[in-house]
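Q: Pasting model.pdb below, which is PDB, C-alpha atoms.
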```
ATOM      1  CA  MET A   1      60.936  54.960 144.655
ATOM      2  CA  ASP A   2      62.174  56.011 141.218
ATOM      3  CA  GLU A   3      63.575  59.529 140.970
ATOM      4  CA  GLU A   4      61.494  61.921 138.889
ATOM      5  CA  PRO A   5      63.393  63.197 135.830
ATOM      6  CA  THR A   6      64.453  66.824 136.034
ATOM      7  CA  ASP A   7      66.949  69.076 134.305
ATOM      8  CA  ALA A   8      68.862  72.335 134.630
ATOM      9  CA  ARG A   9      66.526  74.268 132.362
ATOM     10  CA  GLU A  10      63.757  73.592 134.866
ATOM     11  CA  LEU A  11      65.984  74.882 137.665
ATOM     12  CA  PHE A  12      66.966  78.000 135.719
ATOM     13  CA  ASN A  13      63.342  78.882 135.002
ATOM     14  CA  ALA A  14      62.368  78.297 138.633
ATOM     15  CA  LEU A  15      65.177  80.603 139.799
ATOM     16  CA  VAL A  16      64.101  83.350 137.410
ATOM     17  CA  ASP A  17      60.444  83.011 138.418
ATOM     18  CA  HIS A  18      61.050  82.937 142.175
ATOM     19  CA  GLU A  19      59.975  85.952 144.203
ATOM     20  CA  GLY A  20      60.833  86.597 147.810
ATOM     21  CA  PRO A  21      63.633  85.420 150.123
ATOM     22  CA  ASP A  22      65.384  82.062 150.531
ATOM     23  CA  VAL A  23      65.623  81.094 146.884
ATOM     24  CA  PHE A  24      68.112  78.394 147.859
ATOM     25  CA  GLY A  25      65.841  76.694 150.360
ATOM     26  CA  ARG A  26      62.677  77.115 148.331
ATOM     27  CA  VAL A  27      64.010  76.360 144.835
ATOM     28  CA  VAL A  28      67.469  74.798 144.836
ATOM     29  CA  VAL A  29      67.063  72.307 147.677
ATOM     30  CA  PRO A  30      63.832  70.767 146.286
ATOM     31  CA  TRP A  31      65.375  70.620 142.810
ATOM     32  CA  LEU A  32      68.419  68.765 144.137
ATOM     33  CA  ALA A  33      66.182  66.271 145.913
ATOM     34  CA  LYS A  34      64.187  65.751 142.732
ATOM     35  CA  ALA A  35      67.291  65.385 140.553
ATOM     36  CA  GLY A  36      68.702  62.737 142.848
ATOM     37  CA  ARG A  37      71.669  60.447 142.416
ATOM     38  CA  SER A  38      70.914  59.611 138.785
ATOM     39  CA  TYR A  39      71.501  63.220 137.738
ATOM     40  CA  ARG A  40      74.888  63.357 139.456
ATOM     41  CA  ASP A  41      75.846  59.993 137.961
ATOM     42  CA  ALA A  42      74.925  61.221 134.486
ATOM     43  CA  LEU A  43      77.052  64.362 134.889
ATOM     44  CA  ALA A  44      80.001  62.245 136.011
ATOM     45  CA  HIS A  45      80.282  60.782 132.510
ATOM     46  CA  ALA A  46      81.541  64.173 131.318
ATOM     47  CA  SER A  47      84.388  64.310 133.848
ATOM     48  CA  THR A  48      86.878  62.881 131.345
ATOM     49  CA  ASP A  49      86.965  63.354 127.590
ATOM     50  CA  GLY A  50      85.609  60.434 125.588
ATOM     51  CA  VAL A  51      82.744  58.874 123.691
ATOM     52  CA  TRP A  52      80.157  60.333 126.081
ATOM     53  CA  ARG A  53      80.031  63.382 123.761
ATOM     54  CA  THR A  54      78.378  61.208 121.099
ATOM     55  CA  GLY A  55      75.779  59.958 123.560
ATOM     56  CA  GLU A  56      77.429  56.546 123.824
ATOM     57  CA  GLY A  57      78.246  54.907 127.126
ATOM     58  CA  VAL A  58      75.782  56.968 129.153
ATOM     59  CA  PRO A  59      73.198  54.491 130.446
ATOM     60  CA  GLU A  60      71.822  56.603 133.291
ATOM     61  CA  ARG A  61      69.330  59.383 132.678
ATOM     62  CA  GLN A  62      69.030  58.839 128.952
ATOM     63  CA  ASP A  63      66.599  61.766 128.852
ATOM     64  CA  LEU A  64      69.624  64.071 129.312
ATOM     65  CA  TYR A  65      71.846  65.001 126.370
ATOM     66  CA  LEU A  66      74.878  66.013 128.394
ATOM     67  CA  PRO A  67      76.454  68.739 126.188
ATOM     68  CA  HIS A  68      73.110  70.602 126.252
ATOM     69  CA  GLU A  69      72.537  69.843 129.922
ATOM     70  CA  LEU A  70      75.959  71.143 130.919
ATOM     71  CA  TYR A  71      75.238  74.366 129.038
ATOM     72  CA  ALA A  72      71.886  74.747 130.810
ATOM     73  CA  LEU A  73      73.623  74.144 134.132
ATOM     74  CA  SER A  74      76.170  76.832 133.235
ATOM     75  CA  ARG A  75      73.245  79.262 132.819
ATOM     76  CA  VAL A  76      72.167  78.389 136.347
ATOM     77  CA  SER A  77      75.690  79.186 137.502
ATOM     78  CA  ASP A  78      75.735  82.501 135.617
ATOM     79  CA  ALA A  79      72.426  83.526 137.174
ATOM     80  CA  LEU A  80      73.589  82.689 140.694
ATOM     81  CA  LEU A  81      76.956  84.422 140.197
ATOM     82  CA  HIS A  82      75.354  87.687 139.051
ATOM     83  CA  HIS A  83      75.158  88.981 142.618
ATOM     84  CA  PHE A  84      78.897  88.412 143.161
ATOM     85  CA  GLN A  85      80.031  90.283 140.051
ATOM     86  CA  PRO A  86      81.261  93.895 139.931
ATOM     87  CA  ALA A  87      79.108  96.612 138.433
ATOM     88  CA  PRO A  88      79.971  97.709 134.897
ATOM     89  CA  ASP A  89      82.674 100.394 134.732
ATOM     90  CA  PRO A  90      82.169 101.624 138.316
ATOM     91  CA  ASP A  91      84.646 104.535 138.104
ATOM     92  CA  GLY A  92      84.374 105.504 134.442
ATOM     93  CA  THR A  93      87.949 104.502 133.546
ATOM     94  CA  ARG A  94      86.933 101.449 131.537
ATOM     95  CA  GLN A  95      85.000 102.102 128.375
ATOM     96  CA  TRP A  96      83.230  99.687 126.075
ATOM     97  CA  SER A  97      80.358 100.058 123.660
ATOM     98  CA  GLY A  98      78.004  97.144 123.861
ATOM     99  CA  ALA A  99      74.717  96.023 125.306
ATOM    100  CA  LEU A 100      74.669  94.990 128.950
ATOM    101  CA  SER A 101      71.901  93.279 130.857
ATOM    102  CA  THR A 102      70.031  95.916 132.857
ATOM    103  CA  TYR A 103      67.877  93.329 134.640
ATOM    104  CA  ASP A 104      68.785  93.204 138.321
ATOM    105  CA  GLY A 105      66.299  90.596 139.474
ATOM    106  CA  TRP A 106      68.628  87.604 139.356
ATOM    107  CA  PRO A 107      68.475  85.354 142.441
ATOM    108  CA  VAL A 108      70.759  86.015 145.390
ATOM    109  CA  VAL A 109      72.486  83.172 147.212
ATOM    110  CA  SER A 110      75.458  83.044 149.539
ATOM    111  CA  ARG A 111      78.838  81.745 148.421
ATOM    112  CA  ALA A 112      78.295  78.695 150.647
ATOM    113  CA  GLU A 113      74.908  78.003 149.039
ATOM    114  CA  TYR A 114      76.345  78.394 145.526
ATOM    115  CA  LEU A 115      79.074  75.890 146.342
ATOM    116  CA  GLU A 116      76.639  73.506 148.040
ATOM    117  CA  LEU A 117      74.593  73.235 144.851
ATOM    118  CA  PHE A 118      77.518  72.366 142.622
ATOM    119  CA  THR A 119      79.515  70.237 145.038
ATOM    120  CA  THR A 120      76.359  68.186 145.604
ATOM    121  CA  LEU A 121      76.426  67.590 141.837
ATOM    122  CA  GLY A 122      79.986  66.263 142.081
ATOM    123  CA  MET A 123      82.036  69.358 141.290
ATOM    124  CA  SER A 124      85.169  70.604 143.047
ATOM    125  CA  PRO A 125      85.762  74.314 143.747
ATOM    126  CA  PHE A 126      89.060  76.119 143.216
ATOM    127  CA  ASP A 127      90.418  79.650 143.250
ATOM    128  CA  GLY A 128      94.227  79.671 143.069
ATOM    129  CA  THR A 129      96.921  82.287 143.549
ATOM    130  CA  ASP A 130      98.773  82.198 140.191
ATOM    131  CA  PHE A 131      96.878  83.542 137.197
ATOM    132  CA  ASP A 132      95.958  80.882 134.649
ATOM    133  CA  PRO A 133      93.554  81.636 131.755
ATOM    134  CA  PHE A 134      92.251  78.066 131.883
ATOM    135  CA  ARG A 135      91.082  78.621 135.461
ATOM    136  CA  HIS A 136      90.589  82.381 135.771
ATOM    137  CA  GLU A 137      88.302  84.991 134.189
ATOM    138  CA  ILE A 138      89.423  88.602 134.413
ATOM    139  CA  THR A 139      86.762  90.850 135.942
ATOM    140  CA  GLU A 140      88.850  94.005 136.373
ATOM    141  CA  VAL A 141      92.364  95.120 135.438
ATOM    142  CA  GLU A 142      94.501  97.398 137.572
ATOM    143  CA  GLN A 143      96.976  98.834 135.062
ATOM    144  CA  SER A 144     100.617  98.667 136.066
ATOM    145  CA  ASP A 145     103.064 101.422 135.137
ATOM    146  CA  ASP A 146     105.341  98.706 133.756
ATOM    147  CA  PRO A 147     103.756  97.694 130.404
ATOM    148  CA  ASP A 148     105.361  94.248 130.569
ATOM    149  CA  GLU A 149     104.320  93.305 134.105
ATOM    150  CA  PRO A 150     102.774  89.796 133.974
ATOM    151  CA  ILE A 151      99.147  89.254 134.909
ATOM    152  CA  ARG A 152      98.841  88.806 138.676
ATOM    153  CA  ILE A 153      95.728  88.031 140.740
ATOM    154  CA  THR A 154      94.897  90.644 143.361
ATOM    155  CA  GLU A 155      91.486  89.311 144.452
ATOM    156  CA  VAL A 156      89.282  86.279 143.844
ATOM    157  CA  VAL A 157      85.705  87.454 143.258
ATOM    158  CA  TRP A 158      84.006  84.055 142.936
ATOM    159  CA  PRO A 159      85.252  80.443 142.921
ATOM    160  CA  GLY A 160      85.751  78.240 139.881
ATOM    161  CA  LEU A 161      84.459  74.692 139.472
ATOM    162  CA  MET A 162      85.853  71.493 137.970
ATOM    163  CA  LEU A 163      83.859  68.374 137.156
ATOM    164  CA  GLY A 164      86.677  65.868 137.352
ATOM    165  CA  GLN A 165      89.045  66.940 134.556
ATOM    166  CA  LEU A 166      86.383  69.085 132.851
ATOM    167  CA  LEU A 167      86.355  72.824 133.465
ATOM    168  CA  PHE A 168      82.788  73.803 134.338
ATOM    169  CA  GLY A 169      83.348  77.427 135.339
ATOM    170  CA  ARG A 170      86.356  79.685 135.787
ATOM    171  CA  ALA A 171      86.999  81.674 138.958
ATOM    172  CA  GLY A 172      86.412  85.405 138.597
ATOM    173  CA  VAL A 173      89.479  87.451 139.525
ATOM    174  CA  ARG A 174      90.695  91.006 139.694
ATOM    175  CA  VAL A 175      94.230  91.357 138.355
ATOM    176  CA  ARG A 176      97.135  93.744 138.008
ATOM    177  CA  ALA A 177      99.005  93.710 134.698
ATOM    178  CA  GLY A 178     101.070  95.726 132.264
ATOM    179  CA  ALA A 179      99.262  97.148 129.253
ATOM    180  CA  ARG A 180     101.117  94.837 126.873
ATOM    181  CA  ARG A 181      99.806  91.841 128.851
ATOM    182  CA  ALA A 182      96.198  92.890 129.553
ATOM    183  CA  ARG A 183      94.732  96.299 128.718
ATOM    184  CA  ARG A 184      92.221  97.830 131.102
ATOM    185  CA  GLY A 185      89.067  98.502 129.129
ATOM    186  CA  VAL A 186      89.581  95.508 126.824
ATOM    187  CA  ALA A 187      90.553  92.486 128.938
ATOM    188  CA  ASP A 188      87.862  93.358 131.505
ATOM    189  CA  CYS A 189      85.167  94.998 129.335
ATOM    190  CA  SER A 190      85.160  93.513 125.832
ATOM    191  CA  PRO A 191      82.608  90.792 125.027
ATOM    192  CA  LEU A 192      83.210  87.478 126.756
ATOM    193  CA  TYR A 193      82.632  84.557 124.390
ATOM    194  CA  TRP A 194      81.190  81.137 125.250
ATOM    195  CA  THR A 195      79.265  82.894 128.045
ATOM    196  CA  TYR A 196      75.556  83.525 128.642
ATOM    197  CA  LEU A 197      75.467  86.309 131.243
ATOM    198  CA  ARG A 198      77.739  88.736 133.035
ATOM    199  CA  ARG A 199      76.760  91.811 135.000
ATOM    200  CA  TYR A 200      79.849  93.837 134.141
ATOM    201  CA  ARG A 201      80.452  93.147 130.431
ATOM    202  CA  PRO A 202      78.731  92.026 127.211
ATOM    203  CA  THR A 203      78.649  88.304 126.464
ATOM    204  CA  ARG A 204      78.351  86.086 123.413
ATOM    205  CA  ASP A 205      77.475  82.429 122.966
ATOM    206  CA  LEU A 206      75.866  80.222 120.344
ATOM    207  CA  SER A 207      72.409  80.641 121.878
ATOM    208  CA  ASP A 208      72.314  84.274 120.734
ATOM    209  CA  GLY A 209      69.510  84.977 118.305
ATOM    210  CA  TRP A 210      67.708  81.645 118.714
ATOM    211  CA  GLY A 211      64.173  81.142 119.974
ATOM    212  CA  SER A 212      63.112  80.249 123.485
ATOM    213  CA  ASN A 213      63.432  76.510 122.834
ATOM    214  CA  SER A 214      66.230  76.345 120.261
ATOM    215  CA  GLN A 215      68.659  78.300 122.450
ATOM    216  CA  TRP A 216      68.715  75.429 124.946
ATOM    217  CA  ARG A 217      70.292  73.171 122.311
ATOM    218  CA  THR A 218      73.575  75.023 122.817
ATOM    219  CA  ASP A 219      76.515  72.922 124.017
ATOM    220  CA  LEU A 220      78.898  73.837 126.809
ATOM    221  CA  ARG A 221      82.414  74.530 125.572
ATOM    222  CA  LEU A 222      84.497  71.544 126.701
ATOM    223  CA  ASP A 223      87.966  72.194 128.141
ATOM    224  CA  TYR A 224      89.918  69.436 129.900
ATOM    225  CA  ARG A 225      93.034  69.489 132.038
ATOM    226  CA  THR A 226      95.038  66.442 133.087
ATOM    227  CA  PRO A 227      98.483  66.245 134.727
ATOM    228  CA  ALA A 228      99.910  65.776 131.227
ATOM    229  CA  ALA A 229      98.006  68.239 129.043
ATOM    230  CA  THR A 230      95.429  70.996 128.660
ATOM    231  CA  ARG A 231      92.926  70.555 125.832
ATOM    232  CA  LEU A 232      90.642  73.418 124.819
ATOM    233  CA  ASN A 233      87.295  73.269 122.998
ATOM    234  CA  VAL A 234      87.739  69.555 122.365
ATOM    235  CA  ALA A 235      84.364  69.009 120.706
ATOM    236  CA  GLU A 236      85.353  71.260 117.787
ATOM    237  CA  SER A 237      87.737  70.636 114.901
ATOM    238  CA  THR A 238      88.617  73.931 113.154
ATOM    239  CA  ASP A 239      92.371  74.553 113.168
ATOM    240  CA  ILE A 240      92.896  77.980 114.706
ATOM    241  CA  ASP A 241      95.447  78.742 111.980
ATOM    242  CA  ASP A 242      93.370  77.591 108.991
ATOM    243  CA  PRO A 243      92.361  80.784 107.140
ATOM    244  CA  ALA A 244      89.596  78.963 105.248
ATOM    245  CA  HIS A 245      87.577  78.592 108.462
ATOM    246  CA  LEU A 246      88.414  81.750 110.398
ATOM    247  CA  GLY A 247      86.076  84.274 108.823
ATOM    248  CA  ASP A 248      87.152  87.708 107.622
ATOM    249  CA  GLU A 249      87.697  89.144 111.109
ATOM    250  CA  GLY A 250      89.444  86.029 112.419
ATOM    251  CA  GLN A 251      91.946  86.109 109.585
ATOM    252  CA  LEU A 252      92.931  89.655 110.523
ATOM    253  CA  LEU A 253      93.893  88.624 114.040
ATOM    254  CA  THR A 254      97.460  87.501 114.597
ATOM    255  CA  PRO A 255      98.072  83.883 115.695
ATOM    256  CA  ALA A 256      98.861  85.165 119.199
ATOM    257  CA  GLU A 257      95.631  87.193 119.327
ATOM    258  CA  ARG A 258      93.583  84.199 118.218
ATOM    259  CA  ARG A 259      95.175  82.102 120.945
ATOM    260  CA  ASP A 260      94.442  84.785 123.518
ATOM    261  CA  LEU A 261      90.805  84.765 122.413
ATOM    262  CA  LEU A 262      90.571  80.990 122.698
ATOM    263  CA  ARG A 263      92.384  80.771 126.043
ATOM    264  CA  HIS A 264      90.891  83.827 127.755
ATOM    265  CA  ARG A 265      87.526  83.803 125.897
ATOM    266  CA  CYS A 266      88.078  87.479 125.124
ATOM    267  CA  LEU A 267      90.720  89.744 123.647
ATOM    268  CA  LEU A 268      93.290  91.141 126.062
ATOM    269  CA  ARG A 269      94.330  94.185 124.012
ATOM    270  CA  ALA A 270      93.198  96.012 120.899
ATOM    271  CA  PRO A 271      94.323  93.853 117.960
ATOM    272  CA  ASP A 272      97.126  94.989 115.684
ATOM    273  CA  ALA A 273      94.624  95.147 112.802
ATOM    274  CA  ALA A 274      92.132  97.316 114.716
ATOM    275  CA  PRO A 275      92.230 100.084 112.054
ATOM    276  CA  ARG A 276      91.240  97.537 109.398
ATOM    277  CA  LEU A 277      88.671  95.830 111.597
ATOM    278  CA  GLY A 278      86.831  99.066 112.336
ATOM    279  CA  ALA A 279      85.053 100.104 115.517
ATOM    280  CA  PRO A 280      85.687  98.205 118.769
ATOM    281  CA  SER A 281      82.126  96.884 118.638
ATOM    282  CA  ARG A 282      83.177  94.964 115.523
ATOM    283  CA  TRP A 283      86.633  93.675 116.464
ATOM    284  CA  GLY A 284      85.486  92.970 119.986
ATOM    285  CA  GLY A 285      82.069  91.487 119.419
ATOM    286  CA  ASP A 286      81.636  90.228 115.875
ATOM    287  CA  LEU A 287      84.287  87.528 115.931
ATOM    288  CA  PHE A 288      83.075  83.945 115.703
ATOM    289  CA  PRO A 289      85.638  81.739 117.476
ATOM    290  CA  TYR A 290      83.312  78.960 118.630
ATOM    291  CA  ALA A 291      84.789  76.221 116.427
ATOM    292  CA  TRP A 292      88.452  77.153 116.951
ATOM    293  CA  ARG A 293      90.801  74.560 118.314
ATOM    294  CA  LEU A 294      94.559  74.484 118.827
ATOM    295  CA  PRO A 295      96.542  72.154 116.546
ATOM    296  CA  GLY A 296      97.284  69.949 119.557
ATOM    297  CA  PRO A 297      97.068  69.854 123.357
ATOM    298  CA  GLU A 298      99.152  72.201 125.461
ATOM    299  CA  GLU A 299     101.642  70.260 127.508
ATOM    300  CA  GLY A 300     101.459  70.223 131.262
ATOM    301  CA  THR A 301      99.410  72.449 133.525
ATOM    302  CA  GLY A 302     101.701  75.452 133.765
ATOM    303  CA  ARG A 303     100.205  78.911 134.098
ATOM    304  CA  ALA A 304     100.137  81.118 131.059
ATOM    305  CA  GLY A 305      99.854  84.884 131.167
TER     306      GLY A 305
END
```
Is it possible to express this structure as C-alpha cells?
A:
Amino acid sequence: MDEEPTDARELFNALVDHEGPDVFGRVVVPWLAKAGRSYRDALAHASTDGVWRTGEGVPERQDLYLPHELYALSRVSDALLHHFQPAPDPDGTRQWSGALSTYDGWPVVSRAEYLELFTTLGMSPFDGTDFDPFRHEITEVEQSDDPDEPIRITEVVWPGLMLGQLLFGRAGVRVRAGARRARRGVADCSPLYWTYLRRYRPTRDLSDGWGSNSQWRTDLRLDYRTPAATRLNVAESTDIDDPAHLGDEGQLLTPAERRDLLRHRCLLRAPDAAPRLGAPSRWGGDLFPYAWRLPGPEEGTGRAG
C-alpha cells in the first residue's frame, strides 16, 4: 500500500495540540508510521551538499521541498528539547533584555524517545567531550578566574544530531571559560540566531514576523562537515567581510566577532563597538547575519574555541 504523504509541519502542529500523557506514543509513533520509508529516503538526499538544494535529483517525495522541510523538522526538535533546557537566568547572575517564550505547554518526551524519533529518520546522535562551536551550543557559562581559559564542556544537556555530513542540531552544553573567550550573560543569554525556540534565551530566525503560512517557507541553515573541511551556511553567498552586504551593525563588528556570530550563532562577548551600537538589545538582537558565509571552507575538523 502506498504511504500517505505527511510532513514535519503536521507533526509540529499535532505536538502543540496534544493534551494529556504519552505524546510520543499517541503522536510521534503514528506520524512515523505514516511518514514511512519515503520520508527518510527524501531526507537522505540532504546528507551531503549538492544539487538537492535546487530541487534536482530528489525523485522521492516530490511534495517535500527539503530546505523548508528540514526547517520544519528543526521546529519539532526545538519543541521536544524545551523540557531539557535550563530555565532563564536561574540565579540572577546572567542578565539580558529580550523577550522570552513564557509558554510552558511544550510536549515532554524522554531522551530515549527524542533520539528514537530522529534516529528512525536516519540521523546519528553525538555529544562529545571537546568544545566545538560546529557541534555545541552554549546553554550556560561558568566564568573562570583566568580570563583566557579556553571554553571547556562541563555538562552535556541534550544530544546533537547529524544527518550524514549535515548538521541538523547542535548538542546543548554547559561550559567553563575565561571572560575573554565566552562572557557569562552574553554567550549564554544573548539572542541565538538561526533558531526558532529556546526556553532560556531569546531566539531569531527568518520566520520572525511572517504569517502563519509564510513562516514555514523558512530554510534550515545548512552546515556540512567532512573529514577534509567544515562548510558553514553553504546555501548563502554573502562574503562575511564584504561591507556592502553586512548592514550598519554588521560593519561595526570586527572580523573576529562576525566569525564568532557565524560559528556560534550568537555573540560570545560584548563587541568592541558596543558604545556605538547602543543598547545590548540592539547589538545583540538586531544583527542580520543570515546570508553570511566565510570566504572558503575551514580545513579539517579541529575544535575551535
Q: Considering all atoms listed in the file, can you say which of A:Leu222, A:Leu192, A:Ala35, A:Val51 comes closest to A:Asp286?
A: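 Among the listed residues, A:Leu192 lies closest to A:Asp286.
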Q: Determine the residue membership of the PyMOL selection byres ((chain A and resi 73) around 9) for the file above and supply it as a list of chain:residue names.
A: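 Selected by the PyMOL selection byres ((chain A and resi 73) around 9) here: A:Asp7, A:Ala8, A:Arg9, A:Leu11, A:Phe12, A:His68, A:Glu69, A:Leu70, A:Tyr71, A:Ala72, A:Ser74, A:Arg75, A:Val76, A:Ser77, A:Asp78.
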Q: Measure the distance from atom CA of A:Val23 to atom CA of A:Leu161 in Å and round it to one decimal.
A: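 Separation of atom CA of A:Val23 and atom CA of A:Leu161: 21.2 Å.
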Q: Extract, using only C-alpha atoms, all DNA, RNA and protein residues at most 6 Å from stretch 144-147 of chain A, discarding same-chain residues fewer than 5 positions from it, and format them as JSON, numbers by chain.
A: {"A": [177, 178, 179, 180]}
Q: If we count only C-alpha atoms, what is near stretch 118-123 of chain A at a cut-off of 6 Å, once residues fewer than 5 positions away on the same chain are taken out, given as a ChimeraX atom specification?
A: /A:40,162-163
Q: In the coordinate frame of the file, compute which residues have an atom within 12 Å of (93.8, 98.0, 131.3) when using only C-alpha atoms, and state them as a PyMOL selection string.
A: chain A and resi 89+93-96+138-147+149+151+174-190+267-270
